[in-house]
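Pasting protein-v9.txt here (compact mmCIF, C-alpha atoms):
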```txt
# COMPACT_ATOMS: atom_id res chain seq x y z
CA MET Q 1 70.32 120.31 107.90
CA GLU Q 2 73.88 119.78 106.66
CA SER Q 3 73.28 122.05 103.66
CA LEU Q 4 72.70 125.00 106.03
CA LEU Q 5 76.17 124.69 107.46
CA PRO Q 6 78.93 126.62 105.69
CA SER Q 7 81.04 124.33 103.56
CA LYS Q 8 84.80 124.23 103.98
CA PRO Q 9 86.81 124.63 100.78
CA GLN Q 10 88.12 121.26 99.71
CA SER Q 11 91.86 120.90 99.73
CA ALA Q 12 93.79 119.46 96.83
CA PRO Q 13 94.33 115.70 97.00
CA GLY Q 14 97.69 114.45 98.22
CA PRO Q 15 100.41 113.15 95.90
CA LEU Q 16 99.43 109.46 96.08
CA SER Q 17 95.75 110.18 95.60
CA SER Q 18 96.56 112.53 92.71
CA PHE Q 19 98.80 109.91 91.11
CA ALA Q 20 96.09 107.24 91.37
CA ARG Q 21 93.59 109.64 89.83
CA PHE Q 22 96.11 110.56 87.12
CA VAL Q 23 96.56 106.89 86.19
CA VAL Q 24 92.81 106.21 86.18
CA CYS Q 25 91.92 109.32 84.15
CA GLY Q 26 94.83 109.17 81.73
CA GLY Q 27 94.75 105.40 81.40
CA GLY Q 28 90.99 105.30 80.99
CA ILE Q 29 91.02 107.96 78.30
CA GLY Q 30 93.98 106.18 76.67
CA VAL Q 31 92.05 102.90 76.47
CA VAL Q 32 88.96 104.62 75.07
CA SER Q 33 91.16 106.47 72.55
CA SER Q 34 92.75 103.23 71.39
CA PHE Q 35 89.30 102.00 70.40
CA ALA Q 36 88.20 105.35 68.97
CA VAL Q 37 91.09 105.79 66.51
CA PRO Q 38 90.22 102.77 64.30
CA LEU Q 39 86.53 103.72 64.35
CA VAL Q 40 87.24 107.30 63.29
CA ALA Q 41 89.80 106.01 60.76
CA MET Q 42 86.93 104.40 58.85
CA THR Q 43 85.90 107.92 57.76
CA MET Q 44 89.32 109.53 57.22
CA PRO Q 45 93.00 108.59 56.85
CA TRP Q 46 94.44 106.83 59.92
CA ALA Q 47 97.04 109.54 60.63
CA VAL Q 48 94.34 112.23 60.64
CA ALA Q 49 92.07 110.11 62.85
CA ASN Q 50 94.95 109.53 65.27
CA ALA Q 51 95.70 113.28 65.38
CA VAL Q 52 92.03 114.18 65.97
CA ILE Q 53 91.63 111.63 68.78
CA THR Q 54 94.96 112.64 70.32
CA VAL Q 55 93.98 116.31 70.44
CA ALA Q 56 90.49 115.52 71.77
CA SER Q 57 91.80 113.11 74.42
CA THR Q 58 94.49 115.58 75.54
CA ILE Q 59 91.85 118.32 75.97
CA LEU Q 60 89.56 115.94 77.86
CA CYS Q 61 92.40 114.72 80.09
CA THR Q 62 93.45 118.29 80.88
CA GLU Q 63 89.90 119.08 81.96
CA LEU Q 64 89.73 115.95 84.13
CA HIS Q 65 93.17 116.56 85.62
CA ALA Q 66 92.27 120.13 86.60
CA LEU Q 67 88.95 119.26 88.16
CA PHE Q 68 89.48 115.74 89.49
CA THR Q 69 93.12 114.66 89.55
CA PHE Q 70 94.61 117.81 91.07
CA GLY Q 71 91.45 119.34 92.55
CA THR Q 72 91.98 122.93 91.40
CA GLY Q 73 88.28 123.69 91.81
CA ARG Q 74 88.02 125.27 88.37
CA ARG Q 75 88.33 124.41 84.70
CA PRO Q 76 91.74 124.89 83.10
CA GLY Q 77 92.50 127.98 81.05
CA TRP Q 78 94.44 128.26 77.82
CA ARG Q 79 97.76 128.31 79.67
CA GLN Q 80 97.06 124.99 81.37
CA HIS Q 81 95.82 123.45 78.13
CA LEU Q 82 98.96 124.54 76.28
CA GLN Q 83 101.28 123.38 79.06
CA SER Q 84 99.48 120.05 79.29
CA ALA Q 85 99.74 119.62 75.51
CA GLY Q 86 103.44 120.43 75.77
CA SER Q 87 103.95 117.78 78.43
CA ALA Q 88 102.01 115.26 76.32
CA THR Q 89 104.22 116.12 73.33
CA ALA Q 90 107.34 115.63 75.45
CA ALA Q 91 106.02 112.23 76.63
CA TYR Q 92 105.38 111.27 73.00
CA ALA Q 93 108.95 112.29 72.09
CA VAL Q 94 110.33 110.14 74.94
CA THR Q 95 108.49 107.02 73.75
CA CYS Q 96 109.53 107.66 70.13
CA ALA Q 97 113.17 108.13 71.18
CA ALA Q 98 113.06 104.90 73.22
CA MET Q 99 111.72 102.95 70.25
CA PHE Q 100 114.26 104.56 67.93
CA LEU Q 101 117.08 103.56 70.28
CA LEU Q 102 115.78 100.00 70.53
CA HIS Q 103 115.68 99.66 66.75
CA ALA Q 104 119.13 101.24 66.48
CA MET Q 105 120.51 98.65 68.90
CA GLN Q 106 118.60 95.66 67.45
CA SER Q 107 117.65 95.65 63.80
CA SER Q 108 114.57 93.46 64.37
CA PRO Q 109 113.66 93.23 68.05
CA SER Q 110 110.97 90.81 69.14
CA MET Q 111 107.49 92.07 69.91
CA LEU Q 112 108.19 91.29 73.57
CA TRP Q 113 111.20 93.66 73.54
CA GLU Q 114 109.22 96.33 71.72
CA GLN Q 115 106.41 96.13 74.24
CA ALA Q 116 108.82 96.13 77.20
CA VAL Q 117 110.69 99.18 75.93
CA TYR Q 118 107.55 101.04 74.90
CA LEU Q 119 105.72 100.37 78.16
CA SER Q 120 108.80 101.27 80.23
CA ALA Q 121 109.26 104.52 78.31
CA SER Q 122 105.54 105.27 78.59
CA GLY Q 123 105.64 104.65 82.33
CA LEU Q 124 108.64 106.92 82.84
CA ALA Q 125 107.17 109.59 80.57
CA GLY Q 126 103.87 109.32 82.46
CA ILE Q 127 105.61 109.83 85.81
CA GLY Q 128 107.44 112.82 84.36
CA ARG Q 129 104.20 114.21 82.97
CA PHE Q 130 102.46 113.73 86.32
CA LEU Q 131 105.23 115.65 88.08
CA VAL Q 132 105.12 118.51 85.56
CA LEU Q 133 101.33 118.77 85.81
CA ARG Q 134 101.28 118.55 89.61
CA LEU Q 135 104.23 120.83 90.34
CA PHE Q 136 103.86 123.44 87.60
CA VAL Q 137 100.68 123.30 85.54
CA PHE Q 138 98.11 122.68 88.29
CA ALA Q 139 100.13 123.69 91.35
CA GLY Q 140 98.21 125.48 94.03
CA GLY Q 141 95.26 123.15 94.58
CA ALA Q 142 91.62 124.06 95.08
CA GLY Q 143 90.72 127.60 94.19
CA ARG Q 144 94.28 128.93 94.27
CA ARG Q 145 96.61 130.19 91.59
CA ILE Q 146 100.37 130.28 91.58
CA GLY Q 147 101.45 133.72 92.64
CA ALA Q 148 97.96 134.80 93.64
CA ALA Q 149 97.89 137.11 96.59
CA ALA Q 150 96.06 135.97 99.68
CA PRO Q 151 92.74 137.72 100.17
CA LYS Q 152 93.15 140.84 102.28
CA ARG Q 153 91.04 141.33 105.36
CA ALA Q 154 89.51 144.72 105.81
CA THR Q 155 90.96 146.44 108.84
CA SER Q 156 87.46 147.44 109.89
CA ASP Q 157 86.71 143.75 110.62
CA TRP Q 158 88.60 143.80 113.90
CA LYS Q 159 88.63 147.44 114.99
CA PRO Q 160 84.95 147.78 115.87
CA SER Q 161 85.02 144.69 118.06
CA LEU Q 162 88.20 145.95 119.71
CA VAL Q 163 86.61 149.36 120.37
CA ARG Q 164 83.48 147.72 121.84
CA ALA Q 165 85.64 145.50 124.05
CA GLU Q 166 87.55 148.56 125.33
CA ALA Q 167 84.27 150.40 126.01
CA PHE Q 168 83.04 147.56 128.23
CA ALA Q 169 86.41 147.07 129.94
CA GLY Q 170 86.65 150.51 131.50
```

Just dump the structure as structure tokens.
Amino acid sequence: MESLLPSKPQSAPGPLSSFARFVVCGGGIGVVSSFAVPLVAMTMPWAVANAVITVASTILCTELHALFTFGTGRRPGWRQHLQSAGSATAAYAVTCAAMFLLHAMQSSPSMLWEQAVYLSASGLAGIGRFLVLRLFVFAGGAGRRIGAAAPKRATSDWKPSLVRAEAFAG
């Protein structure tokens, strides 16, 4: 019986829900990728395997973020894929810069310091990436596009009922 009722369009999840989904999707794909790189590296050089897995995981994450994390209601287009890849590249640059600065300040930091700096930089870069994706790349929520005009109602939708009401009123 419920399937006969018209369904309401789902709204985009709120910021906290989106962030939780972002962490689960991105973190889950990150963990899977960390296991996939050494397996793929058995068939090709490690740097190539890392690049292949990074590209594949970024594409997969962009798809998941569009459909699940930010609830756009549709698959991402080329623009969203390129913007997402750009934000991932910026996050990569932030973590590299943080590690470079650590090694510039300490010639041989302990593994604990390296992990602390890397994880802190990754966390900050992830928050920045989330904000970019939510506010710019996938802004607009379910079924909407940035700058898209609202659907126009035909003027004939209300005039006939108004005319009929006037005919019965007098």

Considering only C-alpha atoms, give me a table of residues in segment 64-117 of chain Q that are at most 9 Å from segment 23-26 of chain Q, with the closest atom pair and distance in Å for each, as CSV.
```
residue,atom,partner,partner_atom,distance
Q:Leu64,CA,Q:Cys25,CA,7.0
Q:His65,CA,Q:Cys25,CA,7.5
Q:Phe68,CA,Q:Cys25,CA,8.7
Q:Thr69,CA,Q:Cys25,CA,7.7
```

Taking all listed atoms of segment 26-37 of chain Q, build the axis-aligned box, pad each of the six sides by 3 Å, then write its centre and edge lengths in Å to one decimal as lines of an AutoDock Vina configuration file.
```
center_x = 91.5
center_y = 105.6
center_z = 74.1
size_x = 12.6
size_y = 13.2
size_z = 21.2
```

* To do: Using atom CA of Glu114 of chain Q and atom CA of Ala36 of chain Q as the two end points, give the distance in Å to one decimal.
  => 23.0 Å

* Asked: Of the residues Q:Val132, Q:Val55, Q:Ala98, Q:Ala49, which is the one nearest to Ala116 of chain Q, using only C-alpha atoms?
  ->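 Closest candidate: Q:Ala98.
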
* Find the residues near Phe138 of chain Q: any atom within 7 Å, counting all atoms listed in the file, skip ones fewer than 3 places away on the same chain, and give them as a PyMOL selection string. => chain Q and resi 66+70+72+133-135+141

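Closest to Gln80 of chain Q among Q:Ser108, Q:Thr58, Q:Ser122, Q:Ser18 is Q:Thr58, based on only C-alpha atoms.
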
Incomplete segment 46-75 of chain Q brought to N, CA and C atoms, written out as a PDB file, keeping the file's coordinate frame:
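Dumped to part-v1.pdb:
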```pdb
ATOM      1  N   TRP Q  46      94.087 107.238  58.551  1.00  0.00           N
ATOM      2  CA  TRP Q  46      94.440 106.830  59.920  1.00  0.00           C
ATOM      3  C   TRP Q  46      95.241 107.916  60.639  1.00  0.00           C
ATOM      4  N   ALA Q  47      96.213 108.519  59.981  1.00  0.00           N
ATOM      5  CA  ALA Q  47      97.040 109.540  60.630  1.00  0.00           C
ATOM      6  C   ALA Q  47      96.189 110.733  61.076  1.00  0.00           C
ATOM      7  N   VAL Q  48      95.218 111.123  60.277  1.00  0.00           N
ATOM      8  CA  VAL Q  48      94.340 112.230  60.640  1.00  0.00           C
ATOM      9  C   VAL Q  48      93.446 111.822  61.816  1.00  0.00           C
ATOM     10  N   ALA Q  49      92.906 110.612  61.754  1.00  0.00           N
ATOM     11  CA  ALA Q  49      92.070 110.110  62.850  1.00  0.00           C
ATOM     12  C   ALA Q  49      92.867 110.071  64.157  1.00  0.00           C
ATOM     13  N   ASN Q  50      94.094 109.601  64.089  1.00  0.00           N
ATOM     14  CA  ASN Q  50      94.950 109.530  65.270  1.00  0.00           C
ATOM     15  C   ASN Q  50      95.201 110.939  65.823  1.00  0.00           C
ATOM     16  N   ALA Q  51      95.459 111.912  64.943  1.00  0.00           N
ATOM     17  CA  ALA Q  51      95.700 113.280  65.380  1.00  0.00           C
ATOM     18  C   ALA Q  51      94.447 113.875  66.035  1.00  0.00           C
ATOM     19  N   VAL Q  52      93.290 113.660  65.433  1.00  0.00           N
ATOM     20  CA  VAL Q  52      92.030 114.180  65.970  1.00  0.00           C
ATOM     21  C   VAL Q  52      91.754 113.590  67.357  1.00  0.00           C
ATOM     22  N   ILE Q  53      91.895 112.293  67.490  1.00  0.00           N
ATOM     23  CA  ILE Q  53      91.630 111.630  68.780  1.00  0.00           C
ATOM     24  C   ILE Q  53      92.674 112.050  69.811  1.00  0.00           C
ATOM     25  N   THR Q  54      93.912 112.210  69.391  1.00  0.00           N
ATOM     26  CA  THR Q  54      94.960 112.640  70.320  1.00  0.00           C
ATOM     27  C   THR Q  54      94.670 114.029  70.862  1.00  0.00           C
ATOM     28  N   VAL Q  55      94.297 114.952  69.994  1.00  0.00           N
ATOM     29  CA  VAL Q  55      93.980 116.310  70.440  1.00  0.00           C
ATOM     30  C   VAL Q  55      92.753 116.283  71.365  1.00  0.00           C
ATOM     31  N   ALA Q  56      91.714 115.580  70.957  1.00  0.00           N
ATOM     32  CA  ALA Q  56      90.490 115.520  71.770  1.00  0.00           C
ATOM     33  C   ALA Q  56      90.758 114.870  73.131  1.00  0.00           C
ATOM     34  N   SER Q  57      91.533 113.795  73.149  1.00  0.00           N
ATOM     35  CA  SER Q  57      91.800 113.110  74.420  1.00  0.00           C
ATOM     36  C   SER Q  57      92.699 113.948  75.324  1.00  0.00           C
ATOM     37  N   THR Q  58      93.627 114.708  74.746  1.00  0.00           N
ATOM     38  CA  THR Q  58      94.490 115.580  75.540  1.00  0.00           C
ATOM     39  C   THR Q  58      93.660 116.699  76.172  1.00  0.00           C
ATOM     40  N   ILE Q  59      92.736 117.277  75.429  1.00  0.00           N
ATOM     41  CA  ILE Q  59      91.850 118.320  75.970  1.00  0.00           C
ATOM     42  C   ILE Q  59      90.985 117.746  77.093  1.00  0.00           C
ATOM     43  N   LEU Q  60      90.401 116.576  76.849  1.00  0.00           N
ATOM     44  CA  LEU Q  60      89.560 115.940  77.860  1.00  0.00           C
ATOM     45  C   LEU Q  60      90.368 115.607  79.124  1.00  0.00           C
ATOM     46  N   CYS Q  61      91.551 115.049  78.939  1.00  0.00           N
ATOM     47  CA  CYS Q  61      92.400 114.720  80.090  1.00  0.00           C
ATOM     48  C   CYS Q  61      92.786 115.965  80.874  1.00  0.00           C
ATOM     49  N   THR Q  62      93.088 117.050  80.192  1.00  0.00           N
ATOM     50  CA  THR Q  62      93.450 118.290  80.880  1.00  0.00           C
ATOM     51  C   THR Q  62      92.281 118.772  81.730  1.00  0.00           C
ATOM     52  N   GLU Q  63      91.080 118.706  81.192  1.00  0.00           N
ATOM     53  CA  GLU Q  63      89.900 119.080  81.960  1.00  0.00           C
ATOM     54  C   GLU Q  63      89.750 118.191  83.199  1.00  0.00           C
ATOM     55  N   LEU Q  64      89.865 116.880  83.005  1.00  0.00           N
ATOM     56  CA  LEU Q  64      89.730 115.950  84.130  1.00  0.00           C
ATOM     57  C   LEU Q  64      90.839 116.139  85.164  1.00  0.00           C
ATOM     58  N   HIS Q  65      92.059 116.369  84.691  1.00  0.00           N
ATOM     59  CA  HIS Q  65      93.170 116.560  85.620  1.00  0.00           C
ATOM     60  C   HIS Q  65      92.973 117.825  86.457  1.00  0.00           C
ATOM     61  N   ALA Q  66      92.493 118.892  85.839  1.00  0.00           N
ATOM     62  CA  ALA Q  66      92.270 120.130  86.600  1.00  0.00           C
ATOM     63  C   ALA Q  66      91.196 119.934  87.654  1.00  0.00           C
ATOM     64  N   LEU Q  67      90.084 119.352  87.255  1.00  0.00           N
ATOM     65  CA  LEU Q  67      88.950 119.260  88.160  1.00  0.00           C
ATOM     66  C   LEU Q  67      89.034 118.092  89.135  1.00  0.00           C
ATOM     67  N   PHE Q  68      89.524 116.960  88.682  1.00  0.00           N
ATOM     68  CA  PHE Q  68      89.480 115.740  89.490  1.00  0.00           C
ATOM     69  C   PHE Q  68      90.846 115.326  90.027  1.00  0.00           C
ATOM     70  N   THR Q  69      91.812 115.174  89.151  1.00  0.00           N
ATOM     71  CA  THR Q  69      93.120 114.660  89.550  1.00  0.00           C
ATOM     72  C   THR Q  69      93.816 115.576  90.548  1.00  0.00           C
ATOM     73  N   PHE Q  70      93.871 116.876  90.240  1.00  0.00           N
ATOM     74  CA  PHE Q  70      94.610 117.810  91.070  1.00  0.00           C
ATOM     75  C   PHE Q  70      93.711 118.729  91.893  1.00  0.00           C
ATOM     76  N   GLY Q  71      92.407 118.621  91.727  1.00  0.00           N
ATOM     77  CA  GLY Q  71      91.450 119.340  92.550  1.00  0.00           C
ATOM     78  C   GLY Q  71      91.628 120.846  92.584  1.00  0.00           C
ATOM     79  N   THR Q  72      91.788 121.482  91.419  1.00  0.00           N
ATOM     80  CA  THR Q  72      91.980 122.930  91.400  1.00  0.00           C
ATOM     81  C   THR Q  72      90.694 123.681  91.722  1.00  0.00           C
ATOM     82  N   GLY Q  73      89.555 123.031  91.549  1.00  0.00           N
ATOM     83  CA  GLY Q  73      88.280 123.690  91.810  1.00  0.00           C
ATOM     84  C   GLY Q  73      87.769 124.530  90.661  1.00  0.00           C
ATOM     85  N   ARG Q  74      88.462 124.512  89.538  1.00  0.00           N
ATOM     86  CA  ARG Q  74      88.020 125.270  88.370  1.00  0.00           C
ATOM     87  C   ARG Q  74      88.548 124.602  87.097  1.00  0.00           C
ATOM     88  N   ARG Q  75      87.892 124.957  85.992  1.00  0.00           N
ATOM     89  CA  ARG Q  75      88.330 124.410  84.700  1.00  0.00           C
ATOM     90  C   ARG Q  75      89.639 125.059  84.297  1.00  0.00           C
TER      91      ARG Q  75
END
```
